[in-house]
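File shown: work27.cif. Contents: mmCIF, C-alpha atoms.
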```cif
data_target
#
loop_
_atom_site.group_PDB
_atom_site.id
_atom_site.type_symbol
_atom_site.label_atom_id
_atom_site.label_comp_id
_atom_site.auth_asym_id
_atom_site.auth_seq_id
_atom_site.Cartn_x
_atom_site.Cartn_y
_atom_site.Cartn_z
ATOM 1 C CA MET A 64 9.683 -6.306 74.658
ATOM 2 C CA LEU A 65 6.359 -4.548 75.140
ATOM 3 C CA GLN A 66 8.034 -1.212 74.630
ATOM 4 C CA THR A 67 9.449 -2.373 71.211
ATOM 5 C CA ILE A 68 5.997 -3.368 70.011
ATOM 6 C CA ASP A 69 4.554 0.019 70.963
ATOM 7 C CA THR A 70 7.374 1.797 69.114
ATOM 8 C CA ASN A 71 6.863 -0.301 65.994
ATOM 9 C CA THR A 72 3.136 0.299 66.132
ATOM 10 C CA LEU A 73 3.680 4.043 66.251
ATOM 11 C CA VAL A 74 6.082 3.953 63.290
ATOM 12 C CA ILE A 75 3.734 1.778 61.231
ATOM 13 C CA GLY A 76 0.764 3.968 62.134
ATOM 14 C CA ALA A 77 2.646 7.112 61.094
ATOM 15 C CA ALA A 78 3.663 5.514 57.775
ATOM 16 C CA VAL A 79 0.062 4.430 57.020
ATOM 17 C CA LEU A 80 -1.205 7.880 57.891
ATOM 18 C CA ALA A 81 1.396 9.512 55.598
ATOM 19 C CA VAL A 82 0.459 7.206 52.715
ATOM 20 C CA LEU A 83 -3.246 7.941 53.167
ATOM 21 C CA LEU A 84 -2.602 11.680 53.293
ATOM 22 C CA ILE A 85 -0.471 11.625 50.118
ATOM 23 C CA GLY A 86 -3.071 9.451 48.354
ATOM 24 C CA PHE A 87 -5.869 11.831 49.363
ATOM 25 C CA ILE A 88 -3.948 14.843 48.077
ATOM 26 C CA LEU A 89 -3.193 13.166 44.750
ATOM 27 C CA LEU A 90 -6.770 11.994 44.238
ATOM 28 C CA ARG A 91 -8.164 15.388 45.165
ATOM 29 C CA ARG A 92 -5.782 17.101 42.797
ATOM 30 C CA GLY A 93 -6.588 14.750 39.902
ATOM 31 C CA SER A 94 -10.377 15.022 40.293
ATOM 32 C CA THR A 95 -10.522 18.759 39.657
ATOM 33 C CA GLY A 96 -10.151 18.171 35.909
ATOM 34 C CA ALA A 97 -8.667 20.492 33.351
ATOM 35 C CA LYS A 98 -8.879 24.178 33.957
ATOM 36 C CA ARG A 99 -11.337 26.002 31.787
ATOM 37 C CA ARG A 100 -9.766 28.384 29.297
ATOM 38 C CA ASP A 101 -11.708 31.593 28.977
ATOM 39 C CA TYR A 102 -9.341 33.097 26.409
ATOM 40 C CA LYS A 103 -10.049 32.102 22.810
ATOM 41 C CA PRO A 104 -7.280 33.050 20.388
ATOM 42 C CA ASP A 105 -8.237 34.859 17.228
ATOM 43 C CA VAL A 106 -6.640 34.819 13.785
ATOM 44 C CA LEU A 107 -5.877 38.522 14.033
ATOM 45 C CA ASP A 108 -3.971 38.075 17.320
ATOM 46 C CA GLU A 109 -0.785 37.511 15.324
ATOM 47 C CA GLY A 110 -0.607 41.217 14.659
ATOM 48 C CA ALA A 111 -0.701 43.551 11.715
ATOM 49 C CA ALA A 112 2.427 42.083 10.103
ATOM 50 C CA SER A 113 0.692 38.846 9.131
ATOM 51 C CA VAL A 114 -2.310 40.750 7.761
ATOM 52 C CA GLN A 115 -0.040 42.906 5.595
ATOM 53 C CA ARG A 116 1.875 39.842 4.388
ATOM 54 C CA ASN A 117 -1.334 38.040 3.433
ATOM 55 C CA GLN A 118 -2.687 41.085 1.639
ATOM 56 C CA ALA A 119 0.580 41.418 -0.302
ATOM 57 C CA LEU A 120 0.247 37.798 -1.429
ATOM 58 C CA ILE A 121 -3.307 38.394 -2.562
ATOM 59 C CA ASP A 122 -2.400 41.530 -4.507
ATOM 60 C CA ALA A 123 0.717 40.039 -6.158
ATOM 61 C CA ALA A 124 0.691 39.028 -9.811
ATOM 62 C CA PRO A 125 0.078 35.322 -10.489
ATOM 63 C CA ALA A 126 3.182 33.151 -10.700
ATOM 64 C CA ALA A 127 2.254 31.636 -14.056
ATOM 65 C CA GLN A 128 0.517 33.255 -16.943
ATOM 66 C CA ILE A 129 -2.219 31.450 -18.857
ATOM 67 C CA ILE A 130 -1.074 30.439 -22.322
ATOM 68 C CA THR A 131 -3.518 31.440 -24.984
ATOM 69 C CA ALA A 132 -3.526 30.360 -28.583
ATOM 70 C CA PRO A 133 -2.255 33.034 -30.986
ATOM 71 C CA PRO A 134 -4.776 34.585 -33.293
ATOM 72 C CA ALA A 135 -5.090 32.885 -36.676
ATOM 73 C CA SER A 136 -3.726 35.957 -38.431
ATOM 74 C CA VAL A 137 -0.357 35.681 -36.634
ATOM 75 C CA GLY A 138 0.669 32.490 -38.432
ATOM 76 C CA LEU A 139 3.463 30.144 -37.432
ATOM 77 C CA ALA A 140 5.971 32.926 -36.902
ATOM 78 C CA GLY A 141 4.050 34.170 -33.846
ATOM 79 C CA VAL A 142 3.590 30.755 -32.232
ATOM 80 C CA GLY A 143 7.068 30.748 -30.677
ATOM 81 C CA GLU A 144 6.420 34.162 -29.163
ATOM 82 C CA ALA A 145 3.043 33.117 -27.677
ATOM 83 C CA VAL A 146 4.532 30.242 -25.692
ATOM 84 C CA ALA A 147 5.361 31.426 -22.183
ATOM 85 C CA VAL A 148 8.557 30.617 -20.343
ATOM 86 C CA GLY A 149 8.397 27.058 -18.986
ATOM 87 C CA ALA A 150 5.709 25.975 -21.421
ATOM 88 C CA GLN A 151 8.365 25.270 -24.060
ATOM 89 C CA ASP A 152 9.489 22.255 -22.002
ATOM 90 C CA VAL A 153 5.951 20.855 -22.110
ATOM 91 C CA VAL A 154 5.812 21.259 -25.874
ATOM 92 C CA GLU A 155 9.192 19.527 -26.267
ATOM 93 C CA GLU A 156 8.114 16.597 -24.041
ATOM 94 C CA ALA A 157 4.915 16.142 -26.040
ATOM 95 C CA ALA A 158 6.898 16.107 -29.271
ATOM 96 C CA ALA A 159 9.346 13.550 -27.848
ATOM 97 C CA GLU A 160 6.467 11.302 -26.753
ATOM 98 C CA ALA A 161 4.939 11.496 -30.207
ATOM 99 C CA GLU A 162 8.231 10.430 -31.792
ATOM 100 C CA ALA A 163 8.964 7.618 -29.298
ATOM 101 C CA PRO A 164 7.959 4.164 -30.526
ATOM 102 C CA ALA A 165 5.105 2.530 -28.649
ATOM 103 C CA ALA A 166 6.071 -0.198 -26.178
ATOM 104 C CA PRO A 167 5.360 -3.642 -27.589
ATOM 105 C CA GLU A 168 2.374 -5.394 -26.062
ATOM 106 C CA PRO A 169 3.121 -8.608 -24.185
ATOM 107 C CA ALA A 170 2.490 -11.762 -26.113
ATOM 108 C CA PRO A 171 -0.693 -13.568 -25.145
ATOM 109 C CA ALA A 172 -0.253 -16.520 -22.827
ATOM 110 C CA PRO A 173 -0.097 -19.859 -24.605
ATOM 111 C CA GLU A 174 -3.296 -21.828 -24.334
ATOM 112 C CA SER A 175 -3.674 -25.353 -23.060
ATOM 113 C CA PRO A 176 -3.773 -28.274 -25.494
ATOM 114 C CA ALA A 177 -7.578 -28.291 -25.271
ATOM 115 C CA GLY A 178 -7.606 -24.736 -26.639
ATOM 116 C CA THR A 179 -8.652 -22.903 -23.450
ATOM 117 C CA ALA A 180 -6.785 -22.126 -20.263
ATOM 118 C CA ASP A 181 -7.898 -23.936 -17.101
ATOM 119 C CA ASP A 182 -8.935 -22.187 -13.885
ATOM 120 C CA LEU A 183 -5.695 -22.658 -11.953
ATOM 121 C CA SER A 184 -7.228 -21.035 -8.870
ATOM 122 C CA ARG A 185 -8.835 -24.396 -8.036
ATOM 123 C CA ILE A 186 -5.394 -25.740 -7.064
ATOM 124 C CA LYS A 187 -4.844 -25.264 -3.332
ATOM 125 C CA GLY A 188 -1.846 -23.046 -2.574
ATOM 126 C CA LEU A 189 -1.931 -21.314 -5.954
ATOM 127 C CA GLY A 190 -2.908 -17.726 -5.161
ATOM 128 C CA PRO A 191 -3.582 -14.710 -7.390
ATOM 129 C CA LYS A 192 0.074 -13.722 -7.797
ATOM 130 C CA LEU A 193 1.030 -17.212 -8.926
ATOM 131 C CA GLN A 194 -2.029 -17.334 -11.199
ATOM 132 C CA ALA A 195 -0.684 -14.249 -12.937
ATOM 133 C CA LEU A 196 2.899 -15.578 -13.017
ATOM 134 C CA LEU A 197 2.319 -19.093 -14.373
ATOM 135 C CA PRO A 198 0.887 -18.035 -17.782
ATOM 136 C CA THR A 199 4.020 -15.929 -18.359
ATOM 137 C CA LEU A 200 6.008 -19.137 -17.813
ATOM 138 C CA GLY A 201 3.806 -21.010 -20.307
ATOM 139 C CA ILE A 202 1.724 -22.971 -17.790
ATOM 140 C CA THR A 203 -2.014 -22.557 -18.309
ATOM 141 C CA SER A 204 -3.606 -25.983 -17.826
ATOM 142 C CA TYR A 205 -3.959 -28.756 -15.294
ATOM 143 C CA ALA A 206 -2.454 -31.226 -17.782
ATOM 144 C CA GLN A 207 0.755 -29.183 -17.992
ATOM 145 C CA ILE A 208 1.113 -29.119 -14.196
ATOM 146 C CA ALA A 209 0.234 -32.829 -13.905
ATOM 147 C CA ALA A 210 2.996 -33.674 -16.405
ATOM 148 C CA LEU A 211 5.738 -31.899 -14.431
ATOM 149 C CA THR A 212 8.611 -34.137 -13.297
ATOM 150 C CA GLU A 213 10.923 -33.563 -10.331
ATOM 151 C CA ALA A 214 13.441 -31.916 -12.682
ATOM 152 C CA ASP A 215 10.710 -29.698 -14.125
ATOM 153 C CA LEU A 216 9.629 -28.690 -10.596
ATOM 154 C CA ALA A 217 13.217 -27.809 -9.686
ATOM 155 C CA GLU A 218 13.496 -25.643 -12.824
ATOM 156 C CA LEU A 219 10.115 -24.042 -12.111
ATOM 157 C CA ASP A 220 11.241 -23.208 -8.559
ATOM 158 C CA THR A 221 14.105 -21.120 -9.948
ATOM 159 C CA LYS A 222 11.562 -19.003 -11.851
ATOM 160 C CA LEU A 223 9.045 -18.563 -9.006
ATOM 161 C CA GLY A 224 11.248 -16.294 -6.885
ATOM 162 C CA ALA A 225 9.668 -15.811 -3.449
ATOM 163 C CA PHE A 226 7.214 -18.645 -4.181
ATOM 164 C CA ALA A 227 9.934 -21.258 -4.735
ATOM 165 C CA GLY A 228 9.061 -24.597 -3.151
ATOM 166 C CA ARG A 229 5.306 -24.022 -3.261
ATOM 167 C CA PRO A 230 4.564 -26.560 -6.045
ATOM 168 C CA ALA A 231 6.159 -29.419 -4.089
ATOM 169 C CA LYS A 232 4.898 -28.257 -0.679
ATOM 170 C CA ASP A 233 1.282 -27.906 -1.830
ATOM 171 C CA ASN A 234 1.314 -31.023 -4.086
ATOM 172 C CA TRP A 235 0.357 -29.148 -7.246
ATOM 173 C CA VAL A 236 1.158 -32.108 -9.480
ATOM 174 C CA GLU A 237 -1.124 -34.496 -7.599
ATOM 175 C CA GLN A 238 -3.900 -31.898 -7.390
ATOM 176 C CA ALA A 239 -3.583 -31.186 -11.114
ATOM 177 C CA ARG A 240 -3.833 -34.909 -11.938
ATOM 178 C CA PHE A 241 -7.217 -35.112 -10.218
ATOM 179 C CA LEU A 242 -8.440 -31.889 -11.844
ATOM 180 C CA ALA A 243 -7.134 -32.798 -15.330
ATOM 181 C CA ALA A 244 -8.947 -36.153 -15.120
ATOM 182 C CA GLY A 245 -12.115 -34.393 -13.959
ATOM 183 C CA ASP A 246 -12.109 -36.423 -10.718
ATOM 184 C CA THR A 247 -13.597 -33.771 -8.439
ATOM 185 C CA ALA A 248 -14.722 -36.348 -5.877
ATOM 186 C CA GLY A 249 -11.216 -37.792 -5.579
ATOM 187 C CA PHE A 250 -9.773 -34.275 -5.326
ATOM 188 C CA GLU A 251 -12.194 -33.261 -2.561
ATOM 189 C CA ALA A 252 -11.573 -36.522 -0.668
ATOM 190 C CA LYS A 253 -7.814 -35.868 -0.556
ATOM 191 C CA PHE A 254 -7.466 -32.041 -0.596
ATOM 192 C CA GLY A 255 -10.836 -30.705 0.593
ATOM 193 C CA LYS A 256 -13.614 -28.834 -1.115
ATOM 194 C CA VAL A 257 -12.764 -27.208 -4.442
#
```
Could you write out this file's structure as structure tokens?
Amino acid sequence: MLQTIDTNTLVIGAAVLAVLLIGFILLRRGSTGAKRRDYKPDVLDEGAASVQRNQALIDAAPAAQIITAPPASVGLAGVGEAVAVGAQDVVEEAAAEAEAPAAPEPAPAPESPAGTADDLSRIKGLGPKLQALLPTLGITSYAQIAALTEADLAELDTKLGAFAGRPAKDNWVEQARFLAAGDTAGFEAKFGKV
């Protein structure tokens, strides 16, 4: 039994010694840091071929010529000749834009019955995207939101896209009733600070 313990001790000692030796070698190797590079590459190291190619690009004629207006004495007959290749497309596009009818401006959002639109941002859960969307749907006042029925909310949800369900979830109708009545204290008691 004593002999087995001595054998195990020798094996364990050899294993610990091997681990320490390997650890020392790895730590020593990692602490030397990166080798210093004495050679610094230069732009001209690529050879003479790249220098000749670059010089050829510098000496080459420009890809596009500058279009200059024809002298006044040439008249309209010379205008077509003065337009360089490729510039004719630009002239045609400009002419097409001039002939195209202007896009109609969007109709202004309908105003509330009081004559001015309310600040819908005071309603909790009604963010900037919904503030921009509601006037396009004809909703601009607290009174309009307060008057919405369940059927109206269901119809409104179909038009809100990704924001469907927000009016019911955030209690817009109840919030709008407080704000339409001017009951800021009641609003803040139920929904928090305006």
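Selection by the PyMOL selection byres ((chain A and resi 212-228) around 10) on the present file picks out Leu189, Lys192, Leu193, Leu196, Leu197, Leu200, Ile208, Ala209, Ala210, Leu211, Arg229, Pro230, Ala231, Lys232, Asp233, Trp235 and Val236 of chain A.
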For the residues in that selection, give me C-alpha atoms as a PDB file, keeping the file's coordinate frame.
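Just written: again-v3.pdb:
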```
ATOM      1  CA  LEU A 189      -1.931 -21.314  -5.954  1.00  0.00           C
ATOM      2  CA  LYS A 192       0.074 -13.722  -7.797  1.00  0.00           C
ATOM      3  CA  LEU A 193       1.030 -17.212  -8.926  1.00  0.00           C
ATOM      4  CA  LEU A 196       2.899 -15.578 -13.017  1.00  0.00           C
ATOM      5  CA  LEU A 197       2.319 -19.093 -14.373  1.00  0.00           C
ATOM      6  CA  LEU A 200       6.008 -19.137 -17.813  1.00  0.00           C
ATOM      7  CA  ILE A 208       1.113 -29.119 -14.196  1.00  0.00           C
ATOM      8  CA  ALA A 209       0.234 -32.829 -13.905  1.00  0.00           C
ATOM      9  CA  ALA A 210       2.996 -33.674 -16.405  1.00  0.00           C
ATOM     10  CA  LEU A 211       5.738 -31.899 -14.431  1.00  0.00           C
ATOM     11  CA  ARG A 229       5.306 -24.022  -3.261  1.00  0.00           C
ATOM     12  CA  PRO A 230       4.564 -26.560  -6.045  1.00  0.00           C
ATOM     13  CA  ALA A 231       6.159 -29.419  -4.089  1.00  0.00           C
ATOM     14  CA  LYS A 232       4.898 -28.257  -0.679  1.00  0.00           C
ATOM     15  CA  ASP A 233       1.282 -27.906  -1.830  1.00  0.00           C
ATOM     16  CA  TRP A 235       0.357 -29.148  -7.246  1.00  0.00           C
ATOM     17  CA  VAL A 236       1.158 -32.108  -9.480  1.00  0.00           C
TER      18      VAL A 236
END
```
| field | Answer key for the PyMOL selection byres ((chain A and resi 241) around 12), residues as a VMD selection string | value | chain A and resid 185 to 186 205 to 206 208 to 209 234 to 240 242 to 254 257
Grab all the atoms of segment 199-210 of chain A that the file lists, wrap them in a box along x, y and z, add 8 Å per side, and give me centre plus edge lengths in Å (one decimal) as AutoDock Vina command-line options.
```
--center_x 1.0 --center_y -24.8 --center_z -17.1 --size_x 26.0 --size_y 33.7 --size_z 22.4
```
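Atom CA of Phe87 of chain A is positioned 23.2 Å from atom CA of Arg99 of chain A.
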| request: Using atom CA of Leu89 of chain A and atom CA of Val74 of chain A as the two end points, give the distance in Å to one decimal. | output: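 About the pair atom CA of Leu89 of chain A and atom CA of Val74 of chain A: they are 22.7 Å apart.
Coordinates place atom CA of Asp181 of chain A at a distance of 10.6 Å from atom CA of Gln194 of chain A.
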